[in-house]
file final_18.txt (compact mmCIF, C-alpha atoms)
# COMPACT_ATOMS: atom_id res chain seq x y z
CA MET U 1 0.00 0.00 0.00
CA SER U 2 1.39 3.42 -0.98
CA PHE U 3 2.13 6.15 1.54
CA LEU U 4 -0.69 8.23 0.05
CA GLY U 5 -3.14 5.36 0.46
CA SER U 6 -2.11 4.84 4.08
CA PHE U 7 -2.45 8.54 4.82
CA ARG U 8 -5.92 8.57 3.22
CA ASN U 9 -7.07 5.66 5.41
CA LEU U 10 -5.67 7.32 8.53
CA LEU U 11 -7.44 10.54 7.65
CA LEU U 12 -10.73 8.71 7.12
CA ALA U 13 -10.34 6.96 10.50
CA VAL U 14 -9.64 10.27 12.26
CA CYS U 15 -12.64 11.89 10.57
CA LEU U 16 -14.85 8.98 11.56
CA MET U 17 -13.71 9.25 15.17
CA LEU U 18 -14.37 12.99 15.15
CA VAL U 19 -17.87 12.48 13.73
CA LEU U 20 -18.69 9.78 16.27
CA GLY U 21 -17.31 11.94 19.07
CA PHE U 22 -19.41 14.89 17.93
CA LEU U 23 -22.55 12.75 17.76
CA TYR U 24 -21.91 11.34 21.26
CA TYR U 25 -21.30 14.83 22.65
CA SER U 26 -24.38 16.20 20.92
CA ALA U 27 -26.54 13.37 22.23
CA GLY U 28 -25.31 14.08 25.74
CA LYS U 29 -26.03 17.79 25.42
CA LEU U 30 -29.47 17.01 24.00
CA HIS U 31 -30.16 14.75 26.96
CA MET U 32 -29.01 17.35 29.45
CA HIS U 33 -30.58 20.41 27.92
CA GLY U 34 -33.49 18.96 26.00
CA TRP U 35 -34.77 16.42 28.45
CA GLY U 36 -33.06 17.97 31.44
CA GLN U 37 -32.76 15.06 33.87
CA GLU U 38 -29.48 16.35 35.29
CA LEU U 39 -30.15 20.07 35.12
CA GLN U 40 -33.88 20.52 35.69
CA TYR U 41 -34.53 18.50 38.86
CA ASP U 42 -33.53 19.34 42.41
CA ARG U 43 -31.69 16.97 44.74
CA LEU U 44 -34.94 15.35 45.88
CA GLY U 45 -36.21 14.80 42.35
CA PHE U 46 -38.69 17.67 41.96
CA LEU U 47 -38.83 19.67 38.75
CA LEU U 48 -37.04 22.98 39.30
CA LYS U 49 -38.75 25.44 36.97
CA LEU U 50 -42.30 25.52 38.26
CA ASP U 51 -42.71 29.30 37.99
CA SER U 52 -41.63 29.91 34.41
CA GLY U 53 -44.47 28.52 32.36
CA THR U 54 -43.62 24.90 33.08
CA SER U 55 -46.86 24.36 34.96
CA ALA U 56 -48.86 25.19 31.85
CA GLU U 57 -46.96 22.50 29.98
CA LEU U 58 -47.88 19.99 32.67
CA SER U 59 -51.60 20.60 32.38
CA TYR U 60 -53.71 17.59 33.16
CA LYS U 61 -54.31 15.36 30.15
CA ASN U 62 -55.23 12.01 31.70
CA GLY U 63 -58.55 10.64 32.86
CA ASN U 64 -62.02 12.02 32.38
CA ILE U 65 -64.17 14.69 33.95
CA THR U 66 -66.82 12.86 35.93
CA GLU U 67 -70.23 14.14 36.93
CA GLY U 68 -69.80 17.07 39.31
CA GLY U 69 -66.55 18.15 37.70
CA CYS U 70 -64.12 15.80 39.46
CA ARG U 71 -60.93 15.21 37.44
CA ARG U 72 -60.07 11.55 37.75
CA GLY U 73 -56.40 10.90 38.49
CA PHE U 74 -55.56 14.62 38.43
CA ALA U 75 -53.45 14.89 41.62
CA SER U 76 -51.33 11.83 40.89
CA ALA U 77 -50.82 12.87 37.24
CA GLN U 78 -49.64 16.34 38.25
CA MET U 79 -47.47 14.94 41.04
CA THR U 80 -45.81 12.49 38.66
CA ALA U 81 -45.17 15.32 36.20
CA ILE U 82 -43.20 17.36 38.76
CA PHE U 83 -41.82 14.35 40.68
CA PRO U 84 -41.31 11.37 38.33
CA ARG U 85 -40.46 9.01 41.20
CA PHE U 86 -43.98 9.29 42.60
CA SER U 87 -45.70 5.91 42.90
CA LYS U 88 -49.41 6.04 43.62
CA PRO U 89 -50.35 2.69 45.26
CA ALA U 90 -50.36 3.13 49.04
CA PRO U 91 -53.54 2.45 51.05
CA MET U 92 -54.74 5.03 53.55
CA PHE U 93 -54.95 2.66 56.49
CA LEU U 94 -53.29 -0.46 57.83
CA ASP U 95 -55.17 -3.70 57.24
CA ASN U 96 -54.40 -7.37 57.89
CA THR U 97 -51.79 -7.37 55.13
CA PHE U 98 -49.60 -4.82 56.95
CA LYS U 99 -46.92 -7.42 57.67
CA GLN U 100 -46.33 -7.78 53.94
CA TRP U 101 -45.10 -4.18 53.74
CA SER U 102 -41.45 -5.09 54.23
CA LYS U 103 -40.19 -1.55 54.72
CA LEU U 104 -42.78 -0.87 57.44
CA LYS U 105 -41.13 -3.61 59.48
CA ASP U 106 -37.69 -2.09 58.94
CA PHE U 107 -38.47 1.15 60.78
CA VAL U 108 -39.65 1.90 64.31
CA PRO U 109 -42.42 4.50 64.84
CA PRO U 110 -43.10 7.00 63.47
CA PHE U 111 -41.60 5.76 60.19
CA GLY U 112 -42.74 2.14 60.48
CA ILE U 113 -44.25 -0.48 62.78
CA LYS U 114 -41.16 -2.38 63.96
CA GLY U 115 -41.83 -3.74 67.43
CA GLN U 116 -45.55 -2.94 67.24
CA GLU U 117 -46.76 -5.88 65.12
CA ALA U 118 -48.47 -7.72 67.99
CA VAL U 119 -50.38 -4.73 69.35
CA ILE U 120 -51.42 -3.66 65.83
CA GLN U 121 -52.74 -7.16 65.17
CA LYS U 122 -54.83 -6.93 68.35
CA ILE U 123 -56.22 -3.55 67.33
CA LEU U 124 -57.11 -4.67 63.80
CA GLY U 125 -58.72 -7.78 65.28
CA ILE U 126 -61.42 -5.64 66.85
CA THR U 127 -61.73 -2.69 64.46
CA LYS U 128 -62.16 -4.97 61.40
CA GLN U 129 -62.57 -1.98 59.03
CA TYR U 130 -59.69 -0.84 56.84
CA THR U 131 -61.11 1.56 54.25
CA LEU U 132 -63.34 4.62 54.04
CA THR U 133 -67.12 4.27 54.18
CA SER U 134 -68.84 2.12 51.57
CA SER U 135 -70.39 5.18 49.91
CA LEU U 136 -67.01 6.90 49.55
CA ASP U 137 -65.27 3.72 48.42
CA SER U 138 -67.81 3.40 45.61
CA LEU U 139 -66.99 6.81 44.14
CA SER U 140 -65.06 6.68 40.88
CA CYS U 141 -63.52 10.08 41.62
CA LYS U 142 -62.83 11.63 45.03
CA ARG U 143 -62.22 15.30 45.81
CA CYS U 144 -60.45 15.75 49.14
CA ILE U 145 -59.58 18.75 51.25
CA ILE U 146 -57.21 18.91 54.22
CA MET U 147 -58.16 21.55 56.74
CA GLY U 148 -55.19 23.18 58.43
CA ASN U 149 -55.68 24.94 61.75
CA GLY U 150 -54.12 28.27 60.78
CA GLY U 151 -55.73 31.60 61.57
CA ILE U 152 -55.56 32.45 57.87
CA VAL U 153 -58.88 30.64 57.34
CA ALA U 154 -60.73 32.99 59.72
CA ASN U 155 -63.27 35.38 58.16
CA LYS U 156 -62.91 33.82 54.70
CA SER U 157 -66.45 32.35 54.69
CA LEU U 158 -65.24 29.17 52.98
CA GLY U 159 -67.48 26.81 54.95
CA THR U 160 -69.95 26.03 52.17
CA ARG U 161 -67.17 25.45 49.65
CA ILE U 162 -65.29 23.17 52.02
CA ASP U 163 -68.38 21.05 52.66
CA GLU U 164 -68.70 20.40 48.91
CA TYR U 165 -65.64 18.12 48.96
CA ASP U 166 -66.22 14.36 49.15
CA VAL U 167 -63.63 13.89 51.89
CA VAL U 168 -62.96 16.57 54.51
CA ILE U 169 -59.88 15.82 56.61
CA ARG U 170 -59.33 17.63 59.92
CA LEU U 171 -56.33 17.48 62.21
CA ASN U 172 -56.07 16.89 65.94
CA GLU U 173 -58.52 18.81 68.12
CA ALA U 174 -59.35 21.72 65.81
CA PRO U 175 -63.02 22.49 66.55
CA VAL U 176 -65.87 22.77 64.09
CA LYS U 177 -68.83 23.90 66.18
CA GLY U 178 -69.06 27.67 66.22
CA PHE U 179 -66.71 28.05 63.23
CA GLU U 180 -68.84 26.49 60.50
CA LYS U 181 -69.00 29.67 58.42
CA ASP U 182 -65.23 29.59 57.86
CA VAL U 183 -64.27 25.89 58.18
CA GLY U 184 -67.45 24.05 57.21
CA SER U 185 -69.47 21.54 59.20
CA LYS U 186 -68.48 18.30 57.51
CA THR U 187 -65.78 15.98 58.85
CA THR U 188 -64.93 12.73 57.13
CA LEU U 189 -61.63 11.93 58.84
CA ARG U 190 -60.01 13.40 61.91
CA ILE U 191 -56.35 12.42 62.02
CA THR U 192 -54.66 12.65 65.40
CA TYR U 193 -52.08 11.24 67.78
CA PRO U 194 -52.71 10.78 71.55
CA GLU U 195 -51.57 14.25 72.67
CA GLY U 196 -53.61 15.91 69.91
CA ALA U 197 -56.84 13.95 70.38
CA ILE U 198 -59.99 15.75 71.52
CA GLN U 199 -60.42 15.23 75.26
CA LYS U 200 -64.08 16.27 75.55
CA PRO U 201 -66.27 13.47 74.12
CA ALA U 202 -69.07 15.90 73.21
CA ARG U 203 -66.81 17.61 70.66
CA TYR U 204 -66.42 14.54 68.46
CA GLU U 205 -68.39 14.65 65.21
CA LYS U 206 -70.91 11.84 65.01
CA ASP U 207 -70.27 10.66 61.45
CA SER U 208 -66.49 11.02 61.23
CA LEU U 209 -63.78 8.36 61.32
CA PHE U 210 -61.13 8.52 64.02
CA VAL U 211 -57.76 8.07 62.30
CA PHE U 212 -54.79 7.31 64.55
CA ALA U 213 -51.27 8.44 63.63
CA GLY U 214 -48.59 6.70 65.68
CA PHE U 215 -45.39 8.63 66.36
CA LYS U 216 -43.92 6.55 69.19
CA PRO U 217 -44.37 3.04 70.61
CA GLN U 218 -46.46 4.30 73.54
CA ASP U 219 -49.01 5.69 71.08
CA PHE U 220 -49.95 2.24 69.79
CA LYS U 221 -50.41 0.97 73.33
CA TRP U 222 -52.71 3.96 73.96
CA LEU U 223 -54.82 3.08 70.92
CA LYS U 224 -55.19 -0.51 72.12
CA TYR U 225 -56.49 0.78 75.45
CA ILE U 226 -58.94 3.05 73.61
CA VAL U 227 -60.41 0.41 71.28
CA TYR U 228 -60.68 -2.19 74.05
CA LYS U 229 -62.05 0.47 76.43
CA GLU U 230 -59.36 -0.25 79.00
CA LYS U 231 -58.03 2.16 81.59
CA VAL U 232 -55.67 4.79 80.18
CA SER U 233 -53.07 6.65 82.20
CA PRO U 234 -53.23 10.22 80.83
CA SER U 235 -49.54 10.93 81.43
CA ASP U 236 -47.76 7.59 80.93
CA GLY U 237 -44.97 8.34 78.46
CA PHE U 238 -46.69 11.33 76.83
CA TRP U 239 -45.44 14.90 76.60
CA LYS U 240 -48.84 16.27 77.67
CA SER U 241 -52.11 14.95 79.04
CA VAL U 242 -54.01 12.71 76.62
CA ALA U 243 -57.60 11.66 76.11
CA THR U 244 -58.63 8.68 78.19
CA PHE U 245 -61.80 7.98 76.20
CA VAL U 246 -62.79 8.34 72.56
CA PRO U 247 -66.53 8.09 71.84
CA LYS U 248 -66.08 5.95 68.75
CA GLU U 249 -66.92 2.32 68.14
CA PRO U 250 -64.03 0.12 66.98
CA LYS U 251 -65.48 0.01 63.44
CA GLU U 252 -65.05 3.82 63.29
CA ILE U 253 -61.32 3.71 64.10
CA ARG U 254 -58.48 3.42 61.59
CA ILE U 255 -54.66 3.29 61.76
CA LEU U 256 -52.95 5.67 59.35
CA ASN U 257 -50.40 3.94 57.14
CA PRO U 258 -46.96 4.97 58.55
CA TYR U 259 -45.66 4.91 54.99
CA PHE U 260 -46.97 8.45 54.55
CA ILE U 261 -45.00 9.75 57.53
CA ARG U 262 -41.79 8.29 56.13
CA GLU U 263 -42.47 9.41 52.56
CA ALA U 264 -43.35 12.95 53.63
CA ALA U 265 -40.25 13.22 55.84
CA PHE U 266 -37.52 11.69 53.72
CA THR U 267 -38.75 11.57 50.12
CA PHE U 268 -40.75 14.79 49.74
CA ILE U 269 -39.41 17.21 52.38
CA GLY U 270 -35.86 15.90 52.63
CA LEU U 271 -35.55 15.75 56.42
CA PRO U 272 -32.59 13.98 58.07
CA VAL U 273 -33.04 10.19 58.01
CA ASN U 274 -31.19 9.74 61.32
CA ASN U 275 -31.01 5.96 60.80
CA GLY U 276 -34.80 5.83 60.69
CA MET U 277 -35.18 7.15 64.22
CA MET U 278 -37.08 10.17 65.53
CA GLY U 279 -34.61 13.02 65.90
CA ARG U 280 -34.25 16.77 65.88
CA GLY U 281 -36.09 18.35 62.97
CA ASN U 282 -36.98 15.14 61.13
CA ILE U 283 -40.69 14.70 61.95
CA PRO U 284 -43.17 16.08 59.38
CA THR U 285 -46.22 17.94 60.63
CA LEU U 286 -49.52 16.11 60.55
CA GLY U 287 -50.66 18.50 57.82
CA SER U 288 -47.91 17.42 55.42
CA VAL U 289 -48.56 13.78 56.29
CA ALA U 290 -52.28 14.19 55.52
CA ILE U 291 -51.50 15.84 52.18
CA THR U 292 -49.12 12.98 51.31
CA MET U 293 -51.84 10.47 52.12
CA ALA U 294 -54.33 12.37 49.95
CA LEU U 295 -51.97 12.45 46.96
CA HIS U 296 -52.05 8.66 46.95
CA ASN U 297 -55.76 8.21 47.55
CA CYS U 298 -57.66 11.20 46.15
CA ASP U 299 -58.22 12.35 42.57
CA GLU U 300 -58.19 16.04 43.49
CA VAL U 301 -56.54 17.55 46.57
CA ALA U 302 -57.13 20.95 48.14
CA VAL U 303 -56.01 22.58 51.37
CA ALA U 304 -57.18 25.49 53.51
CA GLY U 305 -55.80 27.02 56.68
CA PHE U 306 -52.15 26.27 55.82
CA GLY U 307 -49.31 28.77 56.17
CA TYR U 308 -47.95 31.10 58.83
CA ASP U 309 -47.22 34.72 58.06
CA MET U 310 -44.31 35.63 60.31
CA ASN U 311 -44.50 39.22 59.03
CA ALA U 312 -47.82 39.59 60.85
CA PRO U 313 -46.95 38.87 64.51
CA ASN U 314 -50.36 40.02 65.75
CA ALA U 315 -52.36 37.80 63.40
CA PRO U 316 -54.13 34.80 64.99
CA LEU U 317 -52.01 31.66 65.03
CA HIS U 318 -55.06 29.36 64.92
CA TYR U 319 -58.60 30.12 63.78
CA TYR U 320 -60.13 28.94 67.06
CA GLU U 321 -58.09 30.81 69.69
CA SER U 322 -56.59 34.22 70.44
CA VAL U 323 -52.93 33.16 70.53
CA LYS U 324 -50.91 35.38 68.18
CA MET U 325 -48.44 34.48 65.44
CA SER U 326 -45.60 35.82 67.58
CA ALA U 327 -46.10 32.87 69.94
CA ILE U 328 -44.51 30.46 67.45
CA LYS U 329 -41.33 29.01 68.87
CA GLU U 330 -38.69 26.97 67.08
CA SER U 331 -39.86 23.38 66.98
CA TRP U 332 -37.55 20.59 68.08
CA THR U 333 -39.30 18.01 65.91
CA HIS U 334 -40.38 19.91 62.77
CA ASN U 335 -38.60 21.89 60.08
CA ILE U 336 -41.25 24.41 59.02
CA GLY U 337 -38.97 26.03 56.43
CA LYS U 338 -38.39 22.82 54.51
CA GLU U 339 -42.05 21.87 54.74
CA LYS U 340 -43.02 25.21 53.25
CA GLU U 341 -40.67 24.54 50.32
CA PHE U 342 -42.38 21.19 49.72
CA LEU U 343 -45.90 22.61 49.89
CA ARG U 344 -45.00 25.47 47.56
CA LYS U 345 -43.79 22.95 44.99
CA LEU U 346 -47.20 21.28 45.12
CA VAL U 347 -49.03 24.58 44.67
CA ARG U 348 -46.75 25.84 41.88
CA GLY U 349 -46.98 22.50 40.11
CA GLN U 350 -50.78 22.64 40.33
CA VAL U 351 -50.81 19.38 42.28
CA ILE U 352 -52.93 20.85 45.08
CA THR U 353 -55.23 23.87 45.34
CA ASP U 354 -54.69 26.27 48.25
CA LEU U 355 -58.06 27.88 49.02
CA THR U 356 -56.65 30.35 51.52
CA ALA U 357 -53.45 31.20 49.57
CA GLY U 358 -51.27 30.87 52.67
CA ILE U 359 -48.65 28.58 51.18

call {"tool": "encode", "arguments": {"input": "final_18.txt", "output": "structure tokens"}}
result
Amino acid sequence: MSFLGSFRNLLLAVCLMLVLGFLYYSAGKLHMHGWGQELQYDRLGFLLKLDSGTSAELSYKNGNITEGGCRRGFASAQMTAIFPRFSKPAPMFLDNTFKQWSKLKDFVPPFGIKGQEAVIQKILGITKQYTLTSSLDSLSCKRCIIMGNGGIVANKSLGTRIDEYDVVIRLNEAPVKGFEKDVGSKTTLRITYPEGAIQKPARYEKDSLFVFAGFKPQDFKWLKYIVYKEKVSPSDGFWKSVATFVPKEPKEIRILNPYFIREAAFTFIGLPVNNGMMGRGNIPTLGSVAITMALHNCDEVAVAGFGYDMNAPNAPLHYYESVKMSAIKESWTHNIGKEKEFLRKLVRGQVITDLTAGI
């Protein structure tokens, strides 16, 4: 082979390598800038640009509008669009299959049920109900609202609008009677832990389900006492006095799936894992946990009464009492700043609707 022929072959090989290199580089740039997996998502996996027209591009396209205007699958579709790792299947409440949830057994409360299997089995043995009511379970599309306890809901006259939702979720001991004009009169679920449970039996709504959220081992023991109507010590292992009686039959009591506490804390908010143990600043508020639960089980999700305005120290902290915003102290268990970031992502991504615009 002549020198010229060899040079020509070498030149062709170099050109081929340059072309292949260019194509590889271009494909990488297209992946990064066109599809944006590396550049457009934050460290938790949420889409970054939710305020620059991205939300319009994520408009709901799946499912059908059912009678009454409910958008089937809307919340999960929007959540998946801004957080691709979102996986919808996760039942609201523990049932007799709870031992099959392997990760629940890997974590102690509040992030799992490790060490509590026996007492949970006893509780489920008497409650025997693991879903919503039969009428709600039969709905093909559910619109849910989580009522926060913030003073921002006062004087908004949202009561009628709130009562239009299929599922109205209230938290801890926030009252309804006397505040119906602003917070509505309907309660489907009241989610609480022992220290947050209503202590006056007369204040419990007749047709609501009592949903227990366990944050420590002692909480599960408390629930067993409640469902079996055994004697409860109001101060045994609790940080404040707890209810010693709940005027609900066992069939009206549910155990919130601890999966939502763990998912809210570590996956959505990004709190410290701390080896799966309760620690400083790694417990999500019950409001964020309830929203997480709703994202998995409701077609549309709204909130009201969420958000604290620290620039208004004289504003009411809660809608039902005179305590002012200035009374807020740094929480040992919660990270309000990080939770606010999470909730704002949901609002900006049109995953949830904030009726009181406090988030």

call {"tool": "residues_around", "arguments": {"input": "final_18.txt", "residues": "Gly184 in chain U", "least_positions_apart": "4", "cutoff": "12 Å", "atoms": "only C-alpha atoms", "output": "VMD selection string"}}
result
chain U and resid 145 to 147 153 to 154 156 to 165 168 to 170 175 to 180 188 304

call {"tool": "write_last_selection", "arguments": {"input": "final_18.txt", "atoms": "C-alpha atoms", "output": "compact mmCIF listing (two decimals), in the coordinates of the input"}}
result
# COMPACT_ATOMS: atom_id res chain seq x y z
CA ILE U 145 -59.58 18.75 51.25
CA ILE U 146 -57.21 18.91 54.22
CA MET U 147 -58.16 21.55 56.74
CA VAL U 153 -58.88 30.64 57.34
CA ALA U 154 -60.73 32.99 59.72
CA LYS U 156 -62.91 33.82 54.70
CA SER U 157 -66.45 32.35 54.69
CA LEU U 158 -65.24 29.17 52.98
CA GLY U 159 -67.48 26.81 54.95
CA THR U 160 -69.95 26.03 52.17
CA ARG U 161 -67.17 25.45 49.65
CA ILE U 162 -65.29 23.17 52.02
CA ASP U 163 -68.38 21.05 52.66
CA GLU U 164 -68.70 20.40 48.91
CA TYR U 165 -65.64 18.12 48.96
CA VAL U 168 -62.96 16.57 54.51
CA ILE U 169 -59.88 15.82 56.61
CA ARG U 170 -59.33 17.63 59.92
CA PRO U 175 -63.02 22.49 66.55
CA VAL U 176 -65.87 22.77 64.09
CA LYS U 177 -68.83 23.90 66.18
CA GLY U 178 -69.06 27.67 66.22
CA PHE U 179 -66.71 28.05 63.23
CA GLU U 180 -68.84 26.49 60.50
CA THR U 188 -64.93 12.73 57.13
CA ALA U 304 -57.18 25.49 53.51

call {"tool": "atom_distance", "arguments": {"input": "final_18.txt", "atom1": "CA of Ile253 in chain U", "atom2": "CA of Thr127 in chain U"}}
result
6.4 Å

call {"tool": "residues_around", "arguments": {"input": "final_18.txt", "residues": "range 294-300 of chain U", "least_positions_apart": "2", "cutoff": "9 Å", "atoms": "all atoms listed in the file", "output": "ChimeraX atom specification"}}
result
/U:70-76,79,87-92,141-146,167,289-292,302,351-353

call {"tool": "atom_distance", "arguments": {"input": "final_18.txt", "atom1": "CA of Tyr225 in chain U", "atom2": "CA of Ala202 in chain U"}}
result
19.8 Å

call {"tool": "residues_around", "arguments": {"input": "final_18.txt", "residues": "range 208-218 of chain U", "least_positions_apart": "4", "cutoff": "7 Å", "atoms": "only C-alpha atoms", "output": "list in words"}}
result
Pro109, Pro110, Gln116, Thr187, Thr188, Leu189, Arg190, Ile191, Thr192, Tyr193, Trp222, Gly237, Glu252, Ile253, Arg254, Ile255 and Leu256 of chain U

call {"tool": "closest_residue", "arguments": {"input": "final_18.txt", "among": "U:Asp95, U:Asp106, U:Asp42, U:Glu339", "to": "Ala265 in chain U", "atoms": "only C-alpha atoms"}}
result
U:Glu339

call {"tool": "axis_aligned_box", "arguments": {"input": "final_18.txt", "around": "range 229-234 of chain U", "padding_each_side": "8 Å", "output": "AutoDock Vina command-line options"}}
result
--center_x -57.6 --center_y 5.0 --center_z 79.3 --size_x 25.0 --size_y 26.5 --size_z 21.8

call {"tool": "closest_residue", "arguments": {"input": "final_18.txt", "among": "U:Asp219, U:Asp182, U:Asp207, U:Asp137", "to": "Gly150 in chain U", "atoms": "all atoms listed in the file"}}
result
U:Asp182

call {"tool": "residues_near_point", "arguments": {"input": "final_18.txt", "point": "(-51.9, 37.4, 62.2)", "cutoff": "6 Å", "atoms": "all atoms listed in the file", "output": "list in words"}}
result
Ala312, Pro313, Asn314, Ala315, Pro316 and Met325 of chain U

call {"tool": "atom_distance", "arguments": {"input": "final_18.txt", "atom1": "CA of Trp332 in chain U", "atom2": "CA of Ala174 in chain U"}}
result
21.9 Å

call {"tool": "closest_residue", "arguments": {"input": "final_18.txt", "among": "U:Gly307, U:Val183, U:Met293, U:Thr131", "to": "Asn155 in chain U", "atoms": "only C-alpha atoms"}}
result
U:Val183

call {"tool": "residues_around", "arguments": {"input": "final_18.txt", "residues": "Lys229 in chain U", "least_positions_apart": "6", "cutoff": "10 Å", "atoms": "all atoms listed in the file", "output": "list in words"}}
result
Leu223, Thr244, Phe245, Val246, Pro247, Glu249 and Pro250 of chain U

call {"tool": "residues_around", "arguments": {"input": "final_18.txt", "residues": "Lys251 in chain U", "least_positions_apart": "5", "cutoff": "8 Å", "atoms": "only C-alpha atoms", "output": "list in words"}}
result
Ile126, Thr127, Lys128 and Gln129 of chain U

call {"tool": "decode", "arguments": {"input": "final_18.txt", "residues": "range 84-106 of chain U", "atoms": "C-alpha atoms", "output": "PDB file, in the first residue's frame"}}
result
ATOM      1  CA  PRO U  84     -41.313  11.372  38.327  1.00  0.00           C
ATOM      2  CA  ARG U  85     -40.460   9.011  41.198  1.00  0.00           C
ATOM      3  CA  PHE U  86     -43.982   9.290  42.597  1.00  0.00           C
ATOM      4  CA  SER U  87     -45.703   5.908  42.901  1.00  0.00           C
ATOM      5  CA  LYS U  88     -49.410   6.040  43.621  1.00  0.00           C
ATOM      6  CA  PRO U  89     -50.350   2.690  45.258  1.00  0.00           C
ATOM      7  CA  ALA U  90     -50.363   3.128  49.040  1.00  0.00           C
ATOM      8  CA  PRO U  91     -53.543   2.455  51.045  1.00  0.00           C
ATOM      9  CA  MET U  92     -54.738   5.034  53.553  1.00  0.00           C
ATOM     10  CA  PHE U  93     -54.955   2.657  56.494  1.00  0.00           C
ATOM     11  CA  LEU U  94     -53.287  -0.460  57.825  1.00  0.00           C
ATOM     12  CA  ASP U  95     -55.165  -3.704  57.239  1.00  0.00           C
ATOM     13  CA  ASN U  96     -54.403  -7.370  57.893  1.00  0.00           C
ATOM     14  CA  THR U  97     -51.790  -7.366  55.130  1.00  0.00           C
ATOM     15  CA  PHE U  98     -49.604  -4.822  56.947  1.00  0.00           C
ATOM     16  CA  LYS U  99     -46.917  -7.419  57.674  1.00  0.00           C
ATOM     17  CA  GLN U 100     -46.329  -7.779  53.944  1.00  0.00           C
ATOM     18  CA  TRP U 101     -45.103  -4.178  53.738  1.00  0.00           C
ATOM     19  CA  SER U 102     -41.447  -5.090  54.234  1.00  0.00           C
ATOM     20  CA  LYS U 103     -40.194  -1.551  54.724  1.00  0.00           C
ATOM     21  CA  LEU U 104     -42.779  -0.873  57.436  1.00  0.00           C
ATOM     22  CA  LYS U 105     -41.130  -3.614  59.480  1.00  0.00           C
ATOM     23  CA  ASP U 106     -37.689  -2.088  58.944  1.00  0.00           C
TER      24      ASP U 106
END
